[in-house]
Amino acid sequence: MRRKPLRWPAGCEIALLPWLVSGCSRAPSFDIVGSFFPAWLICLVIGILLAALARWLLLRQQIAVVWPILVYPSLVAVFTFLFWLIFFS
């Protein structure tokens, strides 16, 4: 038995169009020396710097990290997402 393919109701595409482009209304960016950089890039750089600081603090306290290949990228992600949520949400 063959099934009929599902069809969108008439005009559904037009009704969904404003919803799809609503994400383009605000893109946070920083003007640095005349160039606009997206805010997520600034948050990523700050996350990397904070993870490097956390690594330095862990080494200074002589705390051994079991799997550094997982820990440090995870720290970068956590710091980046936290910075984004605190300042841009």
# chains A, B, ... in the order shown; residues from 1 in each chain; ligands from 1
$ residues_around --residues "region 81-83 of chain A" --least-positions-apart "4" --cutoff "8 Å" --atoms "only C-alpha atoms" --output "PDB file with C-alpha atoms, in the first residue's frame"
ATOM      1  CA  CYS A  43      32.999  35.557  24.154  1.00  0.00           C
ATOM      2  CA  GLY A  47      36.530  31.815  27.293  1.00  0.00           C
ATOM      3  CA  ALA A  77      32.849  26.017  26.353  1.00  0.00           C
ATOM      4  CA  PHE A  87      26.092  39.741  29.100  1.00  0.00           C
TER       5      PHE A  87
END
$ atom_distance --atom1 "CA of Phe37 (chain A)" --atom2 "CA of Arg55 (chain A)"
27.0 Å
$ residues_around --residues "Ser74 (chain A)" --least-positions-apart "5" --cutoff "9 Å" --atoms "only C-alpha atoms" --output "PyMOL selection string"
chain A and resi 51+69+79
$ write_last_selection --atoms "C-alpha atoms" --output "PDB file, in the first residue's frame"
ATOM      1  CA  ALA A  51      40.486  28.455  30.511  1.00  0.00           C
ATOM      2  CA  ILE A  69      42.064  16.858  26.191  1.00  0.00           C
ATOM      3  CA  PHE A  79      33.270  29.986  30.205  1.00  0.00           C
TER       4      PHE A  79
END
$ closest_residue --among "A:Pro73, A:Pro68, A:Pro28, A:Gly34" --to "Leu49 (chain A)" --atoms "only C-alpha atoms"
A:Pro73
